[in-house]
Structures are given as structure tokens and as C-alpha cells.
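Single-structure report; data block below.
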Amino acid sequence: MATPTSTDARIVALLRLADDALILGHRLSEWCGHGPILEQDIALTNHALDLIGRARALYTYAGELEGAGHDEDWFAYRRDAIHFHNALLVEQPNGDFAQTIARQFFYDRYAQLYYHALTESPDERLAAIAAKSLKEIDYHVRFSSEWVIRLGDGTDESKTRMQRGIDELWRYTGELFAMDELDRAAIERGFAVDAAPLHDAWNTAVDAVLAEATLTRPEDGWMADGGRAGRHTEHLGFILADLQFLQRAYPDATW
Amino acid sequence: MSANPMPRDEWPLWEIFIRSRRGLDHKHVGSLHAADAQMALENARDVYTRRLEGVSIWVVPASAITASNPDDKDAFYDPAEDKVYRHPTFYHVPDEVENL
């Protein structure tokens, strides 16, 4: 089914947030039954559910604004990779536990700043979704930051793995703060916030945790981007093949 | 827990107590593994409060709990059996008093 990308900046802004949440939530759900210990298995899947719940609220709102009869399931199950707007960071593979924690840490620190700013949105419904999400994000930040410190300031092996995870994913952090025309149009309508000024606060917070974790902050080099415009890494296609299989094979199947 | 060094292959056990709401006492809900108290608190949040069970969590190292010996049952508890006057059964409790 053709799924033309919306030109309404408000909808694109909602989908950028929602797709980040859905894809990261799906990645965390892949840990279900594979967590390093039972307690972390439950923690990671708890966070997956928080993220997927957030995506649902945002997709539902986007569908209502769009007025084309698309519900949350349509956005999740019926779009191909080029119509997903998530940042490249969240689709990166889980790797080992340290790499999952690095990805989560980078995203959580960004999401905390972004959703905090979004609670000031003049759009009441979006501000309410942001306020509810922020409570979850505050806990996620605490969890992922603490694990960065534990693993970084832990054994030789955990430190090596944590540093590798940080180094591996650093190149995907720049995209979180890049702004384009659609973002600027969405900001004017209260559906997005200017992420560029949040980068300094993110750097300060990340630096503090890395220092406490006795880890080395990577050099700011080339940064990957394209996810916001639908140009994804190879990984998203595999995620969607898994995520969308049932609805693709049996359209409109219900329980 | 210096007398009980952390085993290399498994984290120590913690007993978890949760207070379901203000005014009630903490109740034992189960146990879990964690490397230290902070991690035990967070694991307890994720394992035991997912269904709005609590407003407060206590974590206690399982090794810090001293339990009575089941073999001491007779000596410990039987002497109280014939002392019914210790039960406050002669008071009327008004219906409005909750959580007794």
C-alpha cells in the first residue's frame, strides 16, 4: 500500500517522536527472555512498554489530526522503512548489554530535555502526552546513567565493553539535535521544540556521567543522519520485517 | 557485608518490603538479586511495583535477617496459647476505624 509522507509539519513532528519511541521500544523488547539476569530482563521490557505506550498516544493523535482514518496500528504496521521518521540511533542493534545501555543513555538524556521543553507546548494534548512521558523518561535516565557508571567503573571487561558501546554509537547522536524545515514549521505551530540549543545541556549531562564512569568521551567527528527524512540504515528493514509480519501476511487480522 | 563477600558468579540476595499506601506498614513481597542497595531498590521498582503496588520500598540484605528456628516452635509459641486475656477481644471497634 502506498503511504505518502505527510506534508503537514505537525504530523511529521508527531511521527518523529512516535517512531523513535516505537523502534526503540521494539529493540528493547528483543531483550525479553534474554536479559543478563531476570531483574534486568524485566526492567528492559518495562521500559519497552513505556516507549510503546508513548508511541501509541502519539500515533493516535497524529491519525486524528491527519483525518484519513489511520489509527495507531496503521502507523506501526503499514508503513515501509522510507516512511519512518525515527533517528538512526534507535534502530541500531542491541549488541551486548553495554551497547544497549549506551544507546538508551544517549536517547534518554536527549528525550528528557526534549520532552521537558515539549511540556510547554501551547497544544494542550501534546503537552499532556509530554508531561506523562517525562515521568517515565526521568526513571529511564536514572536507570541508563547508573548502568553506564556501573559498567564503566566496573571490571576491565565491563569497562572495555561500555567504552566500545559509547564509541560505536557516538556518530548517531548528532542527528538528535539537527533541525530541518519541517521541524521549524512544526515549532511555529507548537508541535516541536528547537533541539539545537538542547545540545549543550546534553553534552554537559553526558560528560558528567562519562567522567564518573571513568570513560573517555569520543571526539565529535562525522555524524550520521538521514533517519528523520526516511533514509535509514539497513537495520530498520529487518526490524519492520519482524514487527510487521503478521499484519502484512494477514491484513487486518485481530484477536 | 564484609563477612559475606560477594560471590563472583551471583549477586547477593535482597528481601523486598513494600508499603502499598500511606498509613499502612511495609510488607514482605519477595526477594531479588542485586549488586548493591541502590540496584536492589531499582530492581524492586521494576519487579514489584509494576501494577501500582507501592508508594515506598525497603530493601534489606537477606544475609542481615536472623530467623527463628522452626524447631523452637514449642518453646517460643506454645506458652502463649492459654493466655487469652492478652487478646484485645473485649473492646468494640467502631466500623469507621480502618486498617486494623
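For the C-alpha cells, the naming scheme is as follows: chains receive sequential letters (A, B, ...) according to their order of presentation, residues are indexed from 1 within each chain, and ligands are indexed from 1 in presentation order.
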Excluding same-chain residues fewer than 3 positions from Ala241 of chain A, what lies within 12 Å of it counting only C-alpha atoms, as a PDB file with N, CA, C and O atoms, in the first residue's frame?
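Final output, out14.pdb:
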```
ATOM      1  N   ALA A  76       2.039   1.931  12.757  1.00  0.00           N
ATOM      2  CA  ALA A  76       3.084   0.980  13.168  1.00  0.00           C
ATOM      3  C   ALA A  76       3.281  -0.119  12.131  1.00  0.00           C
ATOM      4  O   ALA A  76       4.418  -0.515  11.855  1.00  0.00           O
ATOM      5  N   TYR A  77       2.183  -0.595  11.532  1.00  0.00           N
ATOM      6  CA  TYR A  77       2.268  -1.833  10.759  1.00  0.00           C
ATOM      7  C   TYR A  77       2.189  -1.655   9.250  1.00  0.00           C
ATOM      8  O   TYR A  77       2.444  -2.594   8.510  1.00  0.00           O
ATOM      9  N   ARG A  78       1.785  -0.494   8.783  1.00  0.00           N
ATOM     10  CA  ARG A  78       1.515  -0.370   7.350  1.00  0.00           C
ATOM     11  C   ARG A  78       2.436   0.601   6.615  1.00  0.00           C
ATOM     12  O   ARG A  78       2.166   0.949   5.483  1.00  0.00           O
ATOM     13  N   ARG A  79       3.452   1.077   7.261  1.00  0.00           N
ATOM     14  CA  ARG A  79       4.376   1.971   6.555  1.00  0.00           C
ATOM     15  C   ARG A  79       5.689   1.239   6.287  1.00  0.00           C
ATOM     16  O   ARG A  79       6.140   0.445   7.107  1.00  0.00           O
ATOM     17  N   ASP A  80       6.304   1.539   5.153  1.00  0.00           N
ATOM     18  CA  ASP A  80       7.603   0.944   4.860  1.00  0.00           C
ATOM     19  C   ASP A  80       8.711   1.823   5.453  1.00  0.00           C
ATOM     20  O   ASP A  80       8.457   2.940   5.916  1.00  0.00           O
ATOM     21  N   ALA A  81       9.927   1.300   5.406  1.00  0.00           N
ATOM     22  CA  ALA A  81      11.036   1.972   6.101  1.00  0.00           C
ATOM     23  C   ALA A  81      11.211   3.429   5.673  1.00  0.00           C
ATOM     24  O   ALA A  81      11.492   4.293   6.513  1.00  0.00           O
ATOM     25  N   GLU A 234      20.512  -0.225   7.280  1.00  0.00           N
ATOM     26  CA  GLU A 234      19.908  -1.495   6.861  1.00  0.00           C
ATOM     27  C   GLU A 234      19.062  -2.129   7.963  1.00  0.00           C
ATOM     28  O   GLU A 234      18.191  -2.945   7.693  1.00  0.00           O
ATOM     29  N   HIS A 235      19.335  -1.730   9.212  1.00  0.00           N
ATOM     30  CA  HIS A 235      18.697  -2.429  10.338  1.00  0.00           C
ATOM     31  C   HIS A 235      17.186  -2.235  10.406  1.00  0.00           C
ATOM     32  O   HIS A 235      16.461  -3.120  10.841  1.00  0.00           O
ATOM     33  N   LEU A 236      16.695  -1.051   9.989  1.00  0.00           N
ATOM     34  CA  LEU A 236      15.257  -0.795  10.147  1.00  0.00           C
ATOM     35  C   LEU A 236      14.415  -1.781   9.343  1.00  0.00           C
ATOM     36  O   LEU A 236      13.372  -2.236   9.806  1.00  0.00           O
ATOM     37  N   GLY A 237      14.880  -2.126   8.141  1.00  0.00           N
ATOM     38  CA  GLY A 237      14.118  -3.076   7.327  1.00  0.00           C
ATOM     39  C   GLY A 237      13.926  -4.407   8.035  1.00  0.00           C
ATOM     40  O   GLY A 237      12.842  -5.002   7.984  1.00  0.00           O
ATOM     41  N   PHE A 238      14.967  -4.858   8.708  1.00  0.00           N
ATOM     42  CA  PHE A 238      14.858  -6.130   9.437  1.00  0.00           C
ATOM     43  C   PHE A 238      13.904  -6.010  10.626  1.00  0.00           C
ATOM     44  O   PHE A 238      13.166  -6.940  10.945  1.00  0.00           O
ATOM     45  N   GLN A 244       6.200  -6.177  11.482  1.00  0.00           N
ATOM     46  CA  GLN A 244       5.003  -6.042  10.655  1.00  0.00           C
ATOM     47  C   GLN A 244       4.548  -7.351  10.021  1.00  0.00           C
ATOM     48  O   GLN A 244       3.544  -7.370   9.305  1.00  0.00           O
ATOM     49  N   PHE A 245       5.284  -8.433  10.255  1.00  0.00           N
ATOM     50  CA  PHE A 245       4.996  -9.674   9.538  1.00  0.00           C
ATOM     51  C   PHE A 245       3.521 -10.060   9.572  1.00  0.00           C
ATOM     52  O   PHE A 245       2.895 -10.343   8.553  1.00  0.00           O
ATOM     53  N   LEU A 246       2.949 -10.068  10.768  1.00  0.00           N
ATOM     54  CA  LEU A 246       1.602 -10.599  10.890  1.00  0.00           C
ATOM     55  C   LEU A 246       0.582  -9.768  10.121  1.00  0.00           C
ATOM     56  O   LEU A 246      -0.253 -10.299   9.385  1.00  0.00           O
ATOM     57  N   GLN A 247       0.692  -8.440  10.263  1.00  0.00           N
ATOM     58  CA  GLN A 247      -0.272  -7.579   9.551  1.00  0.00           C
ATOM     59  C   GLN A 247      -0.030  -7.577   8.047  1.00  0.00           C
ATOM     60  O   GLN A 247      -0.952  -7.348   7.269  1.00  0.00           O
ATOM     61  N   ARG A 248       1.207  -7.845   7.635  1.00  0.00           N
ATOM     62  CA  ARG A 248       1.475  -7.914   6.200  1.00  0.00           C
ATOM     63  C   ARG A 248       0.943  -9.235   5.618  1.00  0.00           C
ATOM     64  O   ARG A 248       0.426  -9.283   4.507  1.00  0.00           O
ATOM     65  N   ALA A 249       1.101 -10.307   6.388  1.00  0.00           N
ATOM     66  CA  ALA A 249       0.671 -11.620   5.904  1.00  0.00           C
ATOM     67  C   ALA A 249      -0.841 -11.792   6.020  1.00  0.00           C
ATOM     68  O   ALA A 249      -1.464 -12.417   5.171  1.00  0.00           O
TER      69      ALA A 249
END
```
For chain B, which residues have at least one atom within 8 Å of chain A, if we go by only C-alpha atoms? Write them as a ChimeraX atom specification, please.
/B:32-33,42-43,46-47
Go through A:Leu24, A:Met162, A:Leu198, A:Leu240 one by one, measure the shortest atom-to-atom distance of each to Gly53 of chain A using only C-alpha atoms, and give the residue with the smallest value.
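Result for the nearest residue to Gly53 of chain A: A:Leu24.
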Compile the contact shell of Ile16 of chain B as a VMD selection string: residues with an atom at most 7 Å away, counting only C-alpha atoms, same-chain residues fewer than 5 positions apart removed.
chain B and resid 28 to 31 44 58 to 60
Go ahead and write the residues just picked, N, CA and C atoms, as an mmCIF file, in the first residue's frame.
```cif
data_model
loop_
_atom_site.group_PDB
_atom_site.id
_atom_site.type_symbol
_atom_site.label_atom_id
_atom_site.label_comp_id
_atom_site.auth_asym_id
_atom_site.auth_seq_id
_atom_site.Cartn_x
_atom_site.Cartn_y
_atom_site.Cartn_z
ATOM 1 N N HIS B 28 6.480 -7.728 53.421
ATOM 2 C CA HIS B 28 7.427 -8.505 52.636
ATOM 3 C C HIS B 28 6.745 -9.002 51.378
ATOM 4 N N VAL B 29 7.365 -8.734 50.212
ATOM 5 C CA VAL B 29 6.726 -9.158 48.966
ATOM 6 C C VAL B 29 7.543 -10.203 48.212
ATOM 7 N N GLY B 30 8.818 -10.335 48.570
ATOM 8 C CA GLY B 30 9.636 -11.305 47.850
ATOM 9 C C GLY B 30 11.099 -10.930 47.929
ATOM 10 N N SER B 31 11.896 -11.524 47.065
ATOM 11 C CA SER B 31 13.324 -11.245 47.099
ATOM 12 C C SER B 31 13.845 -11.126 45.682
ATOM 13 N N ALA B 44 13.750 -3.625 42.495
ATOM 14 C CA ALA B 44 12.476 -3.824 43.193
ATOM 15 C C ALA B 44 11.384 -2.983 42.550
ATOM 16 N N TRP B 58 11.443 -0.789 50.829
ATOM 17 C CA TRP B 58 12.627 -1.058 51.654
ATOM 18 C C TRP B 58 13.342 -2.261 51.049
ATOM 19 N N VAL B 59 14.666 -2.210 51.020
ATOM 20 C CA VAL B 59 15.431 -3.387 50.634
ATOM 21 C C VAL B 59 16.379 -3.745 51.766
ATOM 22 N N VAL B 60 16.472 -5.013 52.075
ATOM 23 C CA VAL B 60 17.294 -5.487 53.192
ATOM 24 C C VAL B 60 18.122 -6.677 52.706
#
```
If we count only C-alpha atoms, what is near Tyr59 of chain A at a cut-off of 8 Å, once residues fewer than 6 positions away on the same chain are taken out, given as a VMD selection string?
chain A and resid 14 to 15 18 71 to 72 75
Check chain B with DSSP on the backbone and list each residue it calls helix (DSSP H, G or I), as a list in words.
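These are the residues in question: Ala37, Gln38, Met39, Ala40, Leu41, Glu42, Asn43, Ala44, Arg45, Asp46, Val47, Tyr48, Ala62, Ser63, Ala64, Pro70, Asp71, Asp72, Lys73, Asp74, Ala75, Phe76, Tyr77, Asp78, Pro79, Ala80, Val84, Tyr85 and Arg86 of chain B.
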Between A:Thr254, A:Thr160, A:Asn203, A:Thr173, which residue has the minimum interatomic distance to Ala224 of chain A, considering only C-alpha atoms?
A:Thr173
So which one's closest to Gln92 of chain A, A:Lys132, A:Arg184, A:Arg189, A:Arg27? Using only C-alpha atoms, please.
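Ranked by minimum distance to Gln92 of chain A, first place goes to A:Arg27.
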Using only C-alpha atoms, which residue out of A:Pro36, A:Gly226, A:Gly221, A:Gly25 lies closest to Met179 of chain A?
A:Gly226
